[in-house]
Amino acid sequence: MPTGFLDDIRATLSQIEADGLFKRERLITTPQSTRVQVGGREVINLCANNYLGLADHPALIAAASTAMSKHGFGMASVRFICGTQDLHRTLETRLAQFLGMDDSILFAACFDANAALFEPLLGPDDAVISDALNHASIIDGIRLCKARRYRYANSDMADLEAQLKAARESGARHVMIATDGVFSMDGYLAKLPEIRALADQHEALVMVDDCHATGFMGPQGRGTPAHLGVRADILTGTLGKALGGALGGYIAGPQPVIDLLRQRARPYLFSNALPPAIVAAGIAALDLVERADELRAALFENAAHWRAGLSAAGFDLLPGAHPIIPVMLHDAHKAQAMAARLFDLGVYVAPFFFPVVPKDQARIRTQMNAALSRADLDAALAAFEQAGRDTGVLG
Ligand SMILES: *Cc1c(COP(=O)(O)O)cnc(C)c1O
């Protein structure tokens, strides 16, 4: 290998470190849960996307192990050669029913679903209009397609309208608006009623990535569009968050869209089928989620209790009702010091700072889970107050 190559890589790594942006991974030695063991210590976990507490749920583990016995371990094939089991079609049909769509198509992850979506559906004569805060996978998916690209400032409806007009004036044939249902750094919901109205006015499609909502937002957990009483034309989502937290993504939408994606979507055609254990656990997750009003109530009760406690302690929170509750520290060093002190005090949280969020908006993003007990939350609140005083965040 030419020596210069690794020298350049090392220089980049050193720069990341010097900028204070190096990410270190902690080793968890227990299942993902409300409490996890890290480095031999038990800590309360407030940073998983485990909204309904299904990541270690016995029903999902049982479904996965039964499927492994009956359907084997791996598929060793893409879907269209010999990688489609009855289980895959059952999950696709169940997801479509759950989301009120004609059909759905599975991917290895929602990252792949978003990477797959745009290129087969939109050509050079079409346009895609994307929220500036959309998930990286939507940005990458749009980069991979030949449609004309427009971007609007996060949830800025005047800007969206201007971009719709610009796309129409450019003579675009089909126009698609792409948005996250929930913006994950803030826990803010997309303004879907306004987006839908503008889309209808300008004959555009609405695509919603609902990763941080499916399973718990809206009636029966059917997601942000259901929560806000609007229809999305195309939905993408993940099995890696509320629906069990393992792996797998999907696109749900009208039959011809799903049919064309099966023919043309590159991450579908050229990547392995999901393993049966994951698919069966996805079906079991939907069985639970469809009857999980109690879990959803517990999740939102936890979110309200946690918000009220942090607020009373004097922390600066972003407003909202989503179980993502960001504690604003503004300064990256403060966010890191606070997270480190919290870990000493037995609470596991992650600091977020530039470039993941804008400069001066460093924060600790806490996330609620239906399985957290009141005792867990009160212990975590006491730790936040202590860490806040120790780091000078609280006066
Ligand atoms: C988590 C997330 C993804 C990626 O999902 P995976 O299934 O983990 O690849 C995509 N979009 C959004 C909005 C997400 O939050």
# chains A, B, ... in the order shown; residues from 1 in each chain; ligands from 1

call {"tool": "residues_near_ligand", "arguments": {"ligand": "ligand 1", "cutoff": "8 Å", "atoms": "only C-alpha atoms and all ligand atoms", "output": "MDAnalysis selection string"}}
result
chainID A and resid 108:114 134:138 180:184 209:212 236:241 247:249

call {"tool": "select_by_dssp", "arguments": {"residues": "stretch 50-275 of chain A", "states": "strand (DSSP E)", "output": "PyMOL selection string"}}
result
chain A and resi 103-107+127-131+148-152+175-180+182-183+188-189+205-209+234-238+249-253

call {"tool": "closest_residue", "arguments": {"among": "A:Pro256, A:Pro358, A:Gly39, A:Pro193", "to": "A:Asp344", "atoms": "only C-alpha atoms"}}
result
A:Gly39

call {"tool": "closest_residue", "arguments": {"among": "A:Arg94, A:Arg151, A:His227, A:Arg143", "to": "A:Ala190", "atoms": "only C-alpha atoms"}}
result
A:His227

call {"tool": "closest_residue", "arguments": {"among": "A:Pro219, A:Gly245, A:Lys165, A:Val36", "to": "A:Leu60", "atoms": "only C-alpha atoms"}}
result
A:Gly245

call {"tool": "closest_residue", "arguments": {"among": "A:Ala332, A:Ile234, A:Met368, A:Ala242", "to": "A:Met101", "atoms": "only C-alpha atoms"}}
result
A:Ile234

call {"tool": "closest_residue", "arguments": {"among": "A:Lys334, A:Arg222, A:His305, A:Arg266", "to": "A:Gly100", "atoms": "only C-alpha atoms"}}
result
A:Arg222

call {"tool": "residues_around", "arguments": {"residues": "A:Phe80", "least_positions_apart": "4", "cutoff": "10 Å", "atoms": "only C-alpha atoms", "output": "list of chain:residue names"}}
result
A:Thr84, A:Arg262, A:Gln263, A:Tyr268, A:Leu269, A:Phe270, A:Asn272, A:Ala273

call {"tool": "closest_residue", "arguments": {"among": "A:Val78, A:Ala380, A:Leu133, A:Leu122", "to": "A:Ala147", "atoms": "only C-alpha atoms"}}
result
A:Leu122

call {"tool": "residues_around", "arguments": {"residues": "A:Ile364", "least_positions_apart": "3", "cutoff": "9 Å", "atoms": "only C-alpha atoms", "output": "list in words"}}
result
Ile325, Pro326, Val327, Met328, Leu329, Ala335, Gln336, Met338, Ala339, Val349, Ala350, Pro351, Phe352 and Phe353 of chain A

call {"tool": "residues_around", "arguments": {"residues": "A:Ser33", "least_positions_apart": "3", "cutoff": "7 Å", "atoms": "only C-alpha atoms", "output": "list of chain:residue names"}}
result
A:Val36, A:Gly53, A:Ala55, A:Asp56

call {"tool": "write_last_selection", "arguments": {"atoms": "N, CA, C and O atoms", "output": "PDB file, in the first residue's frame"}}
result
ATOM      1  N   VAL A  36     -28.795  -1.090  31.507  1.00  0.00           N
ATOM      2  CA  VAL A  36     -27.801  -1.905  30.812  1.00  0.00           C
ATOM      3  C   VAL A  36     -26.515  -1.911  31.626  1.00  0.00           C
ATOM      4  O   VAL A  36     -26.264  -0.992  32.408  1.00  0.00           O
ATOM      5  N   GLY A  53     -40.106  -0.369  24.502  1.00  0.00           N
ATOM      6  CA  GLY A  53     -39.442  -1.379  25.332  1.00  0.00           C
ATOM      7  C   GLY A  53     -39.470  -2.773  24.732  1.00  0.00           C
ATOM      8  O   GLY A  53     -39.371  -3.764  25.454  1.00  0.00           O
ATOM      9  N   ALA A  55     -37.247  -4.115  22.625  1.00  0.00           N
ATOM     10  CA  ALA A  55     -35.951  -4.640  22.187  1.00  0.00           C
ATOM     11  C   ALA A  55     -35.563  -5.938  22.910  1.00  0.00           C
ATOM     12  O   ALA A  55     -34.810  -6.740  22.359  1.00  0.00           O
ATOM     13  N   ASP A  56     -36.064  -6.139  24.117  1.00  0.00           N
ATOM     14  CA  ASP A  56     -35.788  -7.403  24.823  1.00  0.00           C
ATOM     15  C   ASP A  56     -37.105  -8.082  25.238  1.00  0.00           C
ATOM     16  O   ASP A  56     -37.147  -8.808  26.230  1.00  0.00           O
TER      17      ASP A  56
END

call {"tool": "select_by_dssp", "arguments": {"residues": "stretch 151-341 of chain A", "states": "alpha helix (DSSP H)", "output": "ChimeraX atom specification"}}
result
/A:157-169,192-201,224-228,255-264,266-269,276-290,293-313,332-341

call {"tool": "atom_distance", "arguments": {"atom1": "atom CA of A:Ala166", "atom2": "atom CA of A:Leu198"}}
result
13.4 Å

call {"tool": "residues_around", "arguments": {"residues": "A:Leu310", "least_positions_apart": "4", "cutoff": "12 Å", "atoms": "only C-alpha atoms", "output": "count of residues only"}}
result
25

call {"tool": "residues_around", "arguments": {"residues": "A:Ala298", "least_positions_apart": "6", "cutoff": "10 Å", "atoms": "only C-alpha atoms", "output": "compact mmCIF listing (two decimals) with N, CA and C atoms, in the first residue's frame"}}
result
# COMPACT_ATOMS: atom_id res chain seq x y z
N LEU A 52 -41.02 1.53 22.88
CA LEU A 52 -42.05 0.70 23.52
C LEU A 52 -41.43 -0.40 24.39
N ALA A 292 -51.22 -2.19 21.69
CA ALA A 292 -50.31 -1.65 22.71
C ALA A 292 -50.74 -0.30 23.25
N ALA A 304 -44.14 12.90 29.80
CA ALA A 304 -44.67 14.08 30.50
C ALA A 304 -43.99 14.23 31.87
N MET A 368 -37.49 8.67 25.89
CA MET A 368 -38.30 7.88 26.81
C MET A 368 -38.61 6.50 26.23
N ASN A 369 -38.96 5.60 27.16
CA ASN A 369 -39.24 4.21 26.84
C ASN A 369 -40.40 3.81 27.76
N ALA A 370 -41.38 3.13 27.20
CA ALA A 370 -42.56 2.74 27.99
C ALA A 370 -42.17 1.87 29.18
N ALA A 371 -41.05 1.15 29.07
CA ALA A 371 -40.66 0.20 30.11
C ALA A 371 -39.91 0.86 31.27
N LEU A 372 -39.51 2.13 31.13
CA LEU A 372 -38.85 2.81 32.27
C LEU A 372 -39.86 2.96 33.39
N SER A 373 -39.42 2.63 34.63
CA SER A 373 -40.33 2.77 35.77
C SER A 373 -40.23 4.18 36.33

call {"tool": "decode", "arguments": {"residues": "stretch 3-51 of chain A", "atoms": "N, CA and C atoms", "output": "PDB file, in the first residue's frame"}}
result
ATOM      1  N   THR A   3       2.387   4.553   1.165  1.00  0.00           N
ATOM      2  CA  THR A   3       2.378   5.025   2.549  1.00  0.00           C
ATOM      3  C   THR A   3       1.539   6.287   2.726  1.00  0.00           C
ATOM      4  N   GLY A   4       1.517   7.152   1.736  1.00  0.00           N
ATOM      5  CA  GLY A   4       0.797   8.422   1.856  1.00  0.00           C
ATOM      6  C   GLY A   4      -0.664   8.248   2.189  1.00  0.00           C
ATOM      7  N   PHE A   5      -1.256   7.135   1.727  1.00  0.00           N
ATOM      8  CA  PHE A   5      -2.691   6.929   1.919  1.00  0.00           C
ATOM      9  C   PHE A   5      -3.042   6.849   3.411  1.00  0.00           C
ATOM     10  N   LEU A   6      -2.360   5.944   4.113  1.00  0.00           N
ATOM     11  CA  LEU A   6      -2.674   5.793   5.544  1.00  0.00           C
ATOM     12  C   LEU A   6      -2.271   7.033   6.338  1.00  0.00           C
ATOM     13  N   ASP A   7      -1.229   7.730   5.900  1.00  0.00           N
ATOM     14  CA  ASP A   7      -0.841   8.976   6.574  1.00  0.00           C
ATOM     15  C   ASP A   7      -1.983   9.985   6.489  1.00  0.00           C
ATOM     16  N   ASP A   8      -2.616  10.078   5.320  1.00  0.00           N
ATOM     17  CA  ASP A   8      -3.730  11.018   5.157  1.00  0.00           C
ATOM     18  C   ASP A   8      -4.908  10.627   6.044  1.00  0.00           C
ATOM     19  N   ILE A   9      -5.173   9.321   6.112  1.00  0.00           N
ATOM     20  CA  ILE A   9      -6.281   8.851   6.956  1.00  0.00           C
ATOM     21  C   ILE A   9      -5.998   9.183   8.420  1.00  0.00           C
ATOM     22  N   ARG A  10      -4.727   8.939   8.841  1.00  0.00           N
ATOM     23  CA  ARG A  10      -4.363   9.239  10.232  1.00  0.00           C
ATOM     24  C   ARG A  10      -4.493  10.726  10.518  1.00  0.00           C
ATOM     25  N   ALA A  11      -4.135  11.568   9.561  1.00  0.00           N
ATOM     26  CA  ALA A  11      -4.238  13.019   9.755  1.00  0.00           C
ATOM     27  C   ALA A  11      -5.703  13.420   9.938  1.00  0.00           C
ATOM     28  N   THR A  12      -6.583  12.804   9.148  1.00  0.00           N
ATOM     29  CA  THR A  12      -8.021  13.101   9.294  1.00  0.00           C
ATOM     30  C   THR A  12      -8.506  12.693  10.677  1.00  0.00           C
ATOM     31  N   LEU A  13      -8.087  11.499  11.116  1.00  0.00           N
ATOM     32  CA  LEU A  13      -8.495  11.026  12.445  1.00  0.00           C
ATOM     33  C   LEU A  13      -7.991  11.977  13.530  1.00  0.00           C
ATOM     34  N   SER A  14      -6.756  12.440  13.403  1.00  0.00           N
ATOM     35  CA  SER A  14      -6.198  13.352  14.401  1.00  0.00           C
ATOM     36  C   SER A  14      -6.984  14.653  14.436  1.00  0.00           C
ATOM     37  N   GLN A  15      -7.384  15.123  13.264  1.00  0.00           N
ATOM     38  CA  GLN A  15      -8.149  16.362  13.200  1.00  0.00           C
ATOM     39  C   GLN A  15      -9.500  16.197  13.894  1.00  0.00           C
ATOM     40  N   ILE A  16     -10.171  15.059  13.652  1.00  0.00           N
ATOM     41  CA  ILE A  16     -11.461  14.792  14.302  1.00  0.00           C
ATOM     42  C   ILE A  16     -11.286  14.820  15.820  1.00  0.00           C
ATOM     43  N   GLU A  17     -10.202  14.183  16.267  1.00  0.00           N
ATOM     44  CA  GLU A  17      -9.886  14.153  17.700  1.00  0.00           C
ATOM     45  C   GLU A  17      -9.609  15.564  18.229  1.00  0.00           C
ATOM     46  N   ALA A  18      -8.791  16.329  17.485  1.00  0.00           N
ATOM     47  CA  ALA A  18      -8.417  17.689  17.915  1.00  0.00           C
ATOM     48  C   ALA A  18      -9.649  18.596  17.980  1.00  0.00           C
ATOM     49  N   ASP A  19     -10.597  18.363  17.105  1.00  0.00           N
ATOM     50  CA  ASP A  19     -11.823  19.174  17.094  1.00  0.00           C
ATOM     51  C   ASP A  19     -12.803  18.770  18.197  1.00  0.00           C
ATOM     52  N   GLY A  20     -12.448  17.739  18.954  1.00  0.00           N
ATOM     53  CA  GLY A  20     -13.346  17.272  20.025  1.00  0.00           C
ATOM     54  C   GLY A  20     -14.563  16.553  19.475  1.00  0.00           C
ATOM     55  N   LEU A  21     -14.452  15.999  18.250  1.00  0.00           N
ATOM     56  CA  LEU A  21     -15.623  15.386  17.606  1.00  0.00           C
ATOM     57  C   LEU A  21     -15.494  13.870  17.479  1.00  0.00           C
ATOM     58  N   PHE A  22     -14.463  13.316  18.136  1.00  0.00           N
ATOM     59  CA  PHE A  22     -14.253  11.873  18.006  1.00  0.00           C
ATOM     60  C   PHE A  22     -15.293  11.124  18.823  1.00  0.00           C
ATOM     61  N   LYS A  23     -15.943  10.138  18.180  1.00  0.00           N
ATOM     62  CA  LYS A  23     -16.992   9.375  18.864  1.00  0.00           C
ATOM     63  C   LYS A  23     -16.431   8.050  19.368  1.00  0.00           C
ATOM     64  N   ARG A  24     -16.607   7.829  20.670  1.00  0.00           N
ATOM     65  CA  ARG A  24     -16.145   6.560  21.245  1.00  0.00           C
ATOM     66  C   ARG A  24     -17.338   5.700  21.608  1.00  0.00           C
ATOM     67  N   GLU A  25     -17.244   4.417  21.330  1.00  0.00           N
ATOM     68  CA  GLU A  25     -18.375   3.523  21.577  1.00  0.00           C
ATOM     69  C   GLU A  25     -18.181   2.794  22.897  1.00  0.00           C
ATOM     70  N   ARG A  26     -19.239   2.816  23.706  1.00  0.00           N
ATOM     71  CA  ARG A  26     -19.184   2.098  24.981  1.00  0.00           C
ATOM     72  C   ARG A  26     -19.673   0.668  24.764  1.00  0.00           C
ATOM     73  N   LEU A  27     -19.076  -0.263  25.509  1.00  0.00           N
ATOM     74  CA  LEU A  27     -19.433  -1.673  25.337  1.00  0.00           C
ATOM     75  C   LEU A  27     -20.506  -2.071  26.338  1.00  0.00           C
ATOM     76  N   ILE A  28     -21.646  -2.458  25.826  1.00  0.00           N
ATOM     77  CA  ILE A  28     -22.762  -2.939  26.645  1.00  0.00           C
ATOM     78  C   ILE A  28     -22.687  -4.461  26.667  1.00  0.00           C
ATOM     79  N   THR A  29     -22.824  -5.040  27.850  1.00  0.00           N
ATOM     80  CA  THR A  29     -22.664  -6.495  27.944  1.00  0.00           C
ATOM     81  C   THR A  29     -23.977  -7.190  28.303  1.00  0.00           C
ATOM     82  N   THR A  30     -25.083  -6.448  28.242  1.00  0.00           N
ATOM     83  CA  THR A  30     -26.402  -7.017  28.533  1.00  0.00           C
ATOM     84  C   THR A  30     -27.325  -6.731  27.350  1.00  0.00           C
ATOM     85  N   PRO A  31     -28.545  -7.311  27.338  1.00  0.00           N
ATOM     86  CA  PRO A  31     -29.501  -6.937  26.292  1.00  0.00           C
ATOM     87  C   PRO A  31     -29.824  -5.441  26.367  1.00  0.00           C
ATOM     88  N   GLN A  32     -30.260  -4.897  25.245  1.00  0.00           N
ATOM     89  CA  GLN A  32     -30.726  -3.503  25.235  1.00  0.00           C
ATOM     90  C   GLN A  32     -31.989  -3.420  26.091  1.00  0.00           C
ATOM     91  N   SER A  33     -31.996  -2.506  27.062  1.00  0.00           N
ATOM     92  CA  SER A  33     -33.119  -2.442  27.984  1.00  0.00           C
ATOM     93  C   SER A  33     -33.112  -1.094  28.702  1.00  0.00           C
ATOM     94  N   THR A  34     -34.007  -0.955  29.691  1.00  0.00           N
ATOM     95  CA  THR A  34     -34.053   0.299  30.450  1.00  0.00           C
ATOM     96  C   THR A  34     -32.805   0.461  31.318  1.00  0.00           C
ATOM     97  N   ARG A  35     -32.251  -0.662  31.746  1.00  0.00           N
ATOM     98  CA  ARG A  35     -30.975  -0.630  32.455  1.00  0.00           C
ATOM     99  C   ARG A  35     -30.020  -1.552  31.710  1.00  0.00           C
ATOM    100  N   VAL A  36     -28.795  -1.090  31.507  1.00  0.00           N
ATOM    101  CA  VAL A  36     -27.801  -1.905  30.812  1.00  0.00           C
ATOM    102  C   VAL A  36     -26.515  -1.911  31.626  1.00  0.00           C
ATOM    103  N   GLN A  37     -25.724  -2.948  31.408  1.00  0.00           N
ATOM    104  CA  GLN A  37     -24.393  -3.030  32.039  1.00  0.00           C
ATOM    105  C   GLN A  37     -23.375  -2.474  31.067  1.00  0.00           C
ATOM    106  N   VAL A  38     -22.609  -1.502  31.534  1.00  0.00           N
ATOM    107  CA  VAL A  38     -21.527  -0.931  30.719  1.00  0.00           C
ATOM    108  C   VAL A  38     -20.289  -0.934  31.590  1.00  0.00           C
ATOM    109  N   GLY A  39     -19.253  -1.622  31.126  1.00  0.00           N
ATOM    110  CA  GLY A  39     -18.014  -1.672  31.910  1.00  0.00           C
ATOM    111  C   GLY A  39     -18.262  -2.188  33.311  1.00  0.00           C
ATOM    112  N   GLY A  40     -19.138  -3.189  33.454  1.00  0.00           N
ATOM    113  CA  GLY A  40     -19.386  -3.801  34.756  1.00  0.00           C
ATOM    114  C   GLY A  40     -20.333  -2.983  35.643  1.00  0.00           C
ATOM    115  N   ARG A  41     -20.809  -1.833  35.143  1.00  0.00           N
ATOM    116  CA  ARG A  41     -21.714  -1.013  35.957  1.00  0.00           C
ATOM    117  C   ARG A  41     -23.092  -0.990  35.342  1.00  0.00           C
ATOM    118  N   GLU A  42     -24.122  -0.969  36.220  1.00  0.00           N
ATOM    119  CA  GLU A  42     -25.478  -0.865  35.703  1.00  0.00           C
ATOM    120  C   GLU A  42     -25.873   0.609  35.594  1.00  0.00           C
ATOM    121  N   VAL A  43     -26.356   1.001  34.430  1.00  0.00           N
ATOM    122  CA  VAL A  43     -26.775   2.399  34.240  1.00  0.00           C
ATOM    123  C   VAL A  43     -28.189   2.425  33.649  1.00  0.00           C
ATOM    124  N   ILE A  44     -28.905   3.499  33.966  1.00  0.00           N
ATOM    125  CA  ILE A  44     -30.238   3.712  33.393  1.00  0.00           C
ATOM    126  C   ILE A  44     -30.038   4.263  31.982  1.00  0.00           C
ATOM    127  N   ASN A  45     -30.706   3.642  31.021  1.00  0.00           N
ATOM    128  CA  ASN A  45     -30.469   3.973  29.612  1.00  0.00           C
ATOM    129  C   ASN A  45     -31.526   4.941  29.091  1.00  0.00           C
ATOM    130  N   LEU A  46     -31.081   6.166  28.764  1.00  0.00           N
ATOM    131  CA  LEU A  46     -32.016   7.167  28.237  1.00  0.00           C
ATOM    132  C   LEU A  46     -31.649   7.573  26.811  1.00  0.00           C
ATOM    133  N   CYS A  47     -30.968   6.690  26.071  1.00  0.00           N
ATOM    134  CA  CYS A  47     -30.594   7.111  24.715  1.00  0.00           C
ATOM    135  C   CYS A  47     -30.874   6.061  23.654  1.00  0.00           C
ATOM    136  N   ALA A  48     -31.718   5.069  23.949  1.00  0.00           N
ATOM    137  CA  ALA A  48     -32.074   4.096  22.911  1.00  0.00           C
ATOM    138  C   ALA A  48     -33.371   4.528  22.230  1.00  0.00           C
ATOM    139  N   ASN A  49     -33.550   4.062  20.989  1.00  0.00           N
ATOM    140  CA  ASN A  49     -34.792   4.300  20.249  1.00  0.00           C
ATOM    141  C   ASN A  49     -35.801   3.195  20.563  1.00  0.00           C
ATOM    142  N   ASN A  50     -35.762   2.757  21.822  1.00  0.00           N
ATOM    143  CA  ASN A  50     -36.523   1.585  22.257  1.00  0.00           C
ATOM    144  C   ASN A  50     -37.836   2.070  22.884  1.00  0.00           C
ATOM    145  N   TYR A  51     -38.611   2.829  22.084  1.00  0.00           N
ATOM    146  CA  TYR A  51     -39.732   3.599  22.635  1.00  0.00           C
ATOM    147  C   TYR A  51     -40.749   2.741  23.390  1.00  0.00           C
TER     148      TYR A  51
END
